[in-house]
Amino acid sequence: MSAWLDPLRGALDAAEAPVTVFIRDDDAGWDDPGLFALLDVCDRYDAPIDLAVIPTELRPELADALLARRVDPFSRLGLHQHGYCHANHQTEGRKCEFGAARSRQAQHEDISEGRYLLHAQLGDALDPFFTPPWNRCTADTADVLVELGFTVLSRDSTADPFGIDGLLEVVVQVDWFASRKGQRLDRAELGQLLAERATGPAPLGVMLHHAVMDESERAGVAELLAVLTTHPNVAMRAMAQVAAARTPIKETTT
């Protein structure tokens, strides 16, 4: 039991109801060895994880390997769309693939093509969810997503919600690589952040980036999962389960 997670344990002990937790890992399509090493950690703890997959980076061999893991009874793997090609189109300001520098039509074309590329290889295993690269997009993006049949948009909790009917926003609360004033949080600070966010009303979403994680980082994730998957006040969920729990049931009339 690692001391850096003591604040999280305390927050979970004090929780009046089970805390819903989900894990989202971005940039599937980059660094396959790192991706599968992370998936092995999740499998070890029977922890669900959702992968945001870059459409132009999904190769047949990777798609086959991911689909094979989905039929493994010890794997709880969700797959959804991560932008189109993870390219920055902004000429100024923060990086963004679907930002103000792009027209609604250009965004529509990329998202639609990206969905086609993913569905061609992943079929019904692909969830109708969308995570924009760098967790940034515009209201035009959200409108396009609804038009194309997406049901969930996942960004960072600091982003202002769009509040668009038909598009549920399932946000991540904690970035594993979070920083403060340009300095990455150390493990103790990360543990404190996890504890703070675990006490909020929203699900505790944790964002990972396998392509920049080494063995030490994965060991830290393993320590976190050891707490989350054994604590009685935690409900580990896939994003699809989080979305289903938050989607109102429409009443029918006879």
# chains A, B, ... in the order shown; residues from 1 in each chain; ligands from 1
>>> residues_around(residues="Ala106 of chain A", least_positions_apart="4", cutoff="12 Å", atoms="only C-alpha atoms", output="ChimeraX atom specification")
/A:84,89,97-102,110-113,140-141,144
>>> residues_around(residues="segment 4-14 of chain A", least_positions_apart="6", cutoff="8 Å", atoms="only C-alpha atoms", output="PyMOL selection string")
chain A and resi 187-192+194-196+198-199+224+227+231+233-234
>>> write_last_selection(atoms="N, CA and C atoms", output="PDB file, in the first residue's frame")
ATOM      1  N   ARG A 187       3.859  12.351  -7.087  1.00  0.00           N
ATOM      2  CA  ARG A 187       2.881  11.325  -6.723  1.00  0.00           C
ATOM      3  C   ARG A 187       2.015  11.753  -5.535  1.00  0.00           C
ATOM      4  N   ALA A 188       2.626  12.386  -4.541  1.00  0.00           N
ATOM      5  CA  ALA A 188       1.856  12.820  -3.377  1.00  0.00           C
ATOM      6  C   ALA A 188       0.788  13.832  -3.782  1.00  0.00           C
ATOM      7  N   GLU A 189       1.155  14.754  -4.661  1.00  0.00           N
ATOM      8  CA  GLU A 189       0.198  15.766  -5.125  1.00  0.00           C
ATOM      9  C   GLU A 189      -0.886  15.116  -5.985  1.00  0.00           C
ATOM     10  N   LEU A 190      -0.498  14.121  -6.782  1.00  0.00           N
ATOM     11  CA  LEU A 190      -1.484  13.415  -7.594  1.00  0.00           C
ATOM     12  C   LEU A 190      -2.474  12.667  -6.707  1.00  0.00           C
ATOM     13  N   GLY A 191      -1.968  12.048  -5.644  1.00  0.00           N
ATOM     14  CA  GLY A 191      -2.852  11.360  -4.714  1.00  0.00           C
ATOM     15  C   GLY A 191      -3.841  12.305  -4.070  1.00  0.00           C
ATOM     16  N   GLN A 192      -3.381  13.503  -3.727  1.00  0.00           N
ATOM     17  CA  GLN A 192      -4.270  14.502  -3.140  1.00  0.00           C
ATOM     18  C   GLN A 192      -5.326  14.950  -4.140  1.00  0.00           C
ATOM     19  N   LEU A 194      -6.528  13.202  -6.674  1.00  0.00           N
ATOM     20  CA  LEU A 194      -7.482  12.102  -6.807  1.00  0.00           C
ATOM     21  C   LEU A 194      -8.484  12.116  -5.655  1.00  0.00           C
ATOM     22  N   ALA A 195      -7.982  12.373  -4.461  1.00  0.00           N
ATOM     23  CA  ALA A 195      -8.867  12.411  -3.292  1.00  0.00           C
ATOM     24  C   ALA A 195      -9.876  13.549  -3.414  1.00  0.00           C
ATOM     25  N   GLU A 196      -9.414  14.707  -3.857  1.00  0.00           N
ATOM     26  CA  GLU A 196     -10.311  15.861  -3.997  1.00  0.00           C
ATOM     27  C   GLU A 196     -11.404  15.595  -5.025  1.00  0.00           C
ATOM     28  N   ALA A 198     -12.479  12.711  -6.050  1.00  0.00           N
ATOM     29  CA  ALA A 198     -13.323  11.574  -5.675  1.00  0.00           C
ATOM     30  C   ALA A 198     -14.502  11.995  -4.821  1.00  0.00           C
ATOM     31  N   THR A 199     -14.405  13.180  -4.211  1.00  0.00           N
ATOM     32  CA  THR A 199     -15.486  13.646  -3.341  1.00  0.00           C
ATOM     33  C   THR A 199     -16.550  14.435  -4.101  1.00  0.00           C
ATOM     34  N   LEU A 224      -2.589   2.402  -8.119  1.00  0.00           N
ATOM     35  CA  LEU A 224      -3.903   3.038  -8.088  1.00  0.00           C
ATOM     36  C   LEU A 224      -5.012   2.013  -8.282  1.00  0.00           C
ATOM     37  N   VAL A 227      -5.958  -0.106  -5.335  1.00  0.00           N
ATOM     38  CA  VAL A 227      -6.874   0.547  -4.400  1.00  0.00           C
ATOM     39  C   VAL A 227      -8.294   0.566  -4.965  1.00  0.00           C
ATOM     40  N   HIS A 231     -11.463  -1.461  -3.028  1.00  0.00           N
ATOM     41  CA  HIS A 231     -12.152  -0.651  -2.024  1.00  0.00           C
ATOM     42  C   HIS A 231     -13.661  -0.838  -2.142  1.00  0.00           C
ATOM     43  N   ASN A 233     -16.025   1.068  -1.500  1.00  0.00           N
ATOM     44  CA  ASN A 233     -16.757   2.272  -1.884  1.00  0.00           C
ATOM     45  C   ASN A 233     -16.414   2.742  -3.295  1.00  0.00           C
ATOM     46  N   VAL A 234     -15.941   1.844  -4.125  1.00  0.00           N
ATOM     47  CA  VAL A 234     -15.617   2.181  -5.521  1.00  0.00           C
ATOM     48  C   VAL A 234     -16.403   1.291  -6.461  1.00  0.00           C
TER      49      VAL A 234
END
>>> closest_residue(among="A:Val212, A:Ala219, A:Met236, A:Cys96", to="Gly34 of chain A", atoms="only C-alpha atoms")
A:Val212
>>> select_by_dssp(residues="segment 3-55 of chain A", states="alpha helix (DSSP H)", output="list in words")
Asp6, Pro7, Leu8, Arg9, Gly10, Ala11, Leu12, Asp13, Ala14, Asp32, Pro33, Gly34, Leu35, Phe36, Ala37, Leu38, Leu39, Asp40, Val41, Cys42, Asp43 and Arg44 of chain A
>>> write_last_selection(atoms="N, CA and C atoms", output="JSON list (two decimals), in the first residue's frame")
[["chain", "number", "residue", "atom", "x", "y", "z"],
["A", 6, "ASP", "N", -2.81, 7.45, 0.26],
["A", 6, "ASP", "CA", -3.54, 7.55, 1.52],
["A", 6, "ASP", "C", -4.66, 8.58, 1.49],
["A", 7, "PRO", "N", -4.46, 9.77, 0.89],
["A", 7, "PRO", "CA", -5.58, 10.73, 0.83],
["A", 7, "PRO", "C", -6.78, 10.17, 0.06],
["A", 8, "LEU", "N", -6.51, 9.42, -1.01],
["A", 8, "LEU", "CA", -7.61, 8.82, -1.77],
["A", 8, "LEU", "C", -8.32, 7.77, -0.92],
["A", 9, "ARG", "N", -7.57, 6.94, -0.23],
["A", 9, "ARG", "CA", -8.20, 5.94, 0.65],
["A", 9, "ARG", "C", -9.09, 6.61, 1.68],
["A", 10, "GLY", "N", -8.60, 7.71, 2.25],
["A", 10, "GLY", "CA", -9.40, 8.42, 3.24],
["A", 10, "GLY", "C", -10.68, 8.98, 2.66],
["A", 11, "ALA", "N", -10.59, 9.54, 1.44],
["A", 11, "ALA", "CA", -11.77, 10.09, 0.79],
["A", 11, "ALA", "C", -12.78, 9.00, 0.48],
["A", 12, "LEU", "N", -12.29, 7.85, 0.04],
["A", 12, "LEU", "CA", -13.18, 6.74, -0.28],
["A", 12, "LEU", "C", -13.81, 6.17, 1.00],
["A", 13, "ASP", "N", -13.04, 6.10, 2.06],
["A", 13, "ASP", "CA", -13.57, 5.60, 3.34],
["A", 13, "ASP", "C", -14.73, 6.48, 3.81],
["A", 14, "ALA", "N", -14.61, 7.78, 3.56],
["A", 14, "ALA", "CA", -15.60, 8.73, 4.05],
["A", 14, "ALA", "C", -16.78, 8.92, 3.10],
["A", 32, "ASP", "N", 2.30, 0.72, -29.78],
["A", 32, "ASP", "CA", 1.57, -0.51, -29.44],
["A", 32, "ASP", "C", 2.16, -1.26, -28.24],
["A", 33, "PRO", "N", 3.49, -1.40, -28.14],
["A", 33, "PRO", "CA", 4.02, -2.10, -26.96],
["A", 33, "PRO", "C", 3.62, -1.44, -25.65],
["A", 34, "GLY", "N", 3.67, -0.10, -25.62],
["A", 34, "GLY", "CA", 3.26, 0.62, -24.43],
["A", 34, "GLY", "C", 1.78, 0.44, -24.14],
["A", 35, "LEU", "N", 0.98, 0.41, -25.20],
["A", 35, "LEU", "CA", -0.46, 0.22, -25.04],
["A", 35, "LEU", "C", -0.76, -1.15, -24.44],
["A", 36, "PHE", "N", -0.17, -2.18, -24.98],
["A", 36, "PHE", "CA", -0.48, -3.52, -24.48],
["A", 36, "PHE", "C", 0.11, -3.77, -23.10],
["A", 37, "ALA", "N", 1.20, -3.10, -22.78],
["A", 37, "ALA", "CA", 1.73, -3.20, -21.43],
["A", 37, "ALA", "C", 0.75, -2.60, -20.43],
["A", 38, "LEU", "N", 0.12, -1.48, -20.80],
["A", 38, "LEU", "CA", -0.88, -0.87, -19.94],
["A", 38, "LEU", "C", -2.13, -1.74, -19.85],
["A", 39, "LEU", "N", -2.56, -2.30, -20.96],
["A", 39, "LEU", "CA", -3.73, -3.18, -20.93],
["A", 39, "LEU", "C", -3.47, -4.40, -20.06],
["A", 40, "ASP", "N", -2.25, -4.89, -20.07],
["A", 40, "ASP", "CA", -1.91, -6.02, -19.20],
["A", 40, "ASP", "C", -2.08, -5.65, -17.73],
["A", 41, "VAL", "N", -1.72, -4.41, -17.37],
["A", 41, "VAL", "CA", -1.90, -3.96, -16.00],
["A", 41, "VAL", "C", -3.39, -3.94, -15.65],
["A", 42, "CYS", "N", -4.20, -3.41, -16.55],
["A", 42, "CYS", "CA", -5.64, -3.36, -16.29],
["A", 42, "CYS", "C", -6.23, -4.76, -16.19],
["A", 43, "ASP", "N", -5.79, -5.66, -17.05],
["A", 43, "ASP", "CA", -6.28, -7.04, -16.99],
["A", 43, "ASP", "C", -5.92, -7.70, -15.66],
["A", 44, "ARG", "N", -4.75, -7.38, -15.16],
["A", 44, "ARG", "CA", -4.29, -7.98, -13.90],
["A", 44, "ARG", "C", -5.26, -7.66, -12.76]]
>>> residues_around(residues="Thr229 of chain A", least_positions_apart="4", cutoff="7 Å", atoms="only C-alpha atoms", output="list of chain:residue names")
A:Tyr45, A:Ala47, A:Leu225, A:Met236
>>> write_last_selection(atoms="N, CA, C and O atoms", output="PDB file, in the first residue's frame")
ATOM      1  N   TYR A  45      -5.856  -6.471 -12.826  1.00  0.00           N
ATOM      2  CA  TYR A  45      -6.776  -6.049 -11.772  1.00  0.00           C
ATOM      3  C   TYR A  45      -8.239  -6.112 -12.205  1.00  0.00           C
ATOM      4  O   TYR A  45      -9.115  -5.635 -11.489  1.00  0.00           O
ATOM      5  N   ALA A  47      -9.743  -4.429 -14.369  1.00  0.00           N
ATOM      6  CA  ALA A  47     -10.213  -3.047 -14.394  1.00  0.00           C
ATOM      7  C   ALA A  47     -10.628  -2.654 -15.805  1.00  0.00           C
ATOM      8  O   ALA A  47      -9.863  -2.843 -16.755  1.00  0.00           O
ATOM      9  N   LEU A 225      -4.839   1.127  -9.259  1.00  0.00           N
ATOM     10  CA  LEU A 225      -5.872   0.130  -9.528  1.00  0.00           C
ATOM     11  C   LEU A 225      -6.022  -0.847  -8.368  1.00  0.00           C
ATOM     12  O   LEU A 225      -7.126  -1.340  -8.106  1.00  0.00           O
ATOM     13  N   MET A 236     -15.975   0.542 -10.249  1.00  0.00           N
ATOM     14  CA  MET A 236     -15.221   0.699 -11.489  1.00  0.00           C
ATOM     15  C   MET A 236     -16.144   0.427 -12.663  1.00  0.00           C
ATOM     16  O   MET A 236     -16.817  -0.603 -12.707  1.00  0.00           O
TER      17      MET A 236
END
>>> decode(residues="segment 177-219 of chain A", atoms="C-alpha atoms", output="tab-separated table (two decimals), in the first residue's frame")
chain	number	residue	atom	x	y	z
A	177	PHE	CA	0.29	13.87	-16.10
A	178	ALA	CA	-1.37	16.88	-14.48
A	179	SER	CA	0.81	19.91	-13.83
A	180	ARG	CA	0.59	23.08	-11.77
A	181	LYS	CA	2.35	26.26	-12.88
A	182	GLY	CA	4.21	24.29	-15.53
A	183	GLN	CA	5.48	21.69	-13.08
A	184	ARG	CA	4.17	18.14	-13.17
A	185	LEU	CA	2.50	17.01	-9.97
A	186	ASP	CA	4.52	14.52	-7.96
A	187	ARG	CA	2.88	11.33	-6.72
A	188	ALA	CA	1.86	12.82	-3.38
A	189	GLU	CA	0.20	15.77	-5.13
A	190	LEU	CA	-1.48	13.42	-7.59
A	191	GLY	CA	-2.85	11.36	-4.71
A	192	GLN	CA	-4.27	14.50	-3.14
A	193	LEU	CA	-5.87	15.52	-6.45
A	194	LEU	CA	-7.48	12.10	-6.81
A	195	ALA	CA	-8.87	12.41	-3.29
A	196	GLU	CA	-10.31	15.86	-4.00
A	197	ARG	CA	-11.99	14.79	-7.21
A	198	ALA	CA	-13.32	11.57	-5.68
A	199	THR	CA	-15.49	13.65	-3.34
A	200	GLY	CA	-17.29	15.44	-6.17
A	201	PRO	CA	-20.70	14.50	-7.58
A	202	ALA	CA	-19.38	13.55	-11.02
A	203	PRO	CA	-17.74	10.20	-11.81
A	204	LEU	CA	-14.00	10.15	-11.21
A	205	GLY	CA	-12.52	9.85	-14.69
A	206	VAL	CA	-8.76	9.30	-14.89
A	207	MET	CA	-6.95	10.08	-18.15
A	208	LEU	CA	-3.83	8.17	-19.16
A	209	HIS	CA	-1.46	8.45	-22.13
A	210	HIS	CA	0.25	5.09	-22.61
A	211	ALA	CA	2.64	6.41	-25.28
A	212	VAL	CA	4.51	8.53	-22.74
A	213	MET	CA	4.39	6.03	-19.87
A	214	ASP	CA	7.35	3.90	-18.85
A	215	GLU	CA	7.50	0.94	-16.49
A	216	SER	CA	7.58	3.24	-13.47
A	217	GLU	CA	4.43	5.04	-14.61
A	218	ARG	CA	2.63	1.75	-15.19
A	219	ALA	CA	3.68	0.60	-11.73
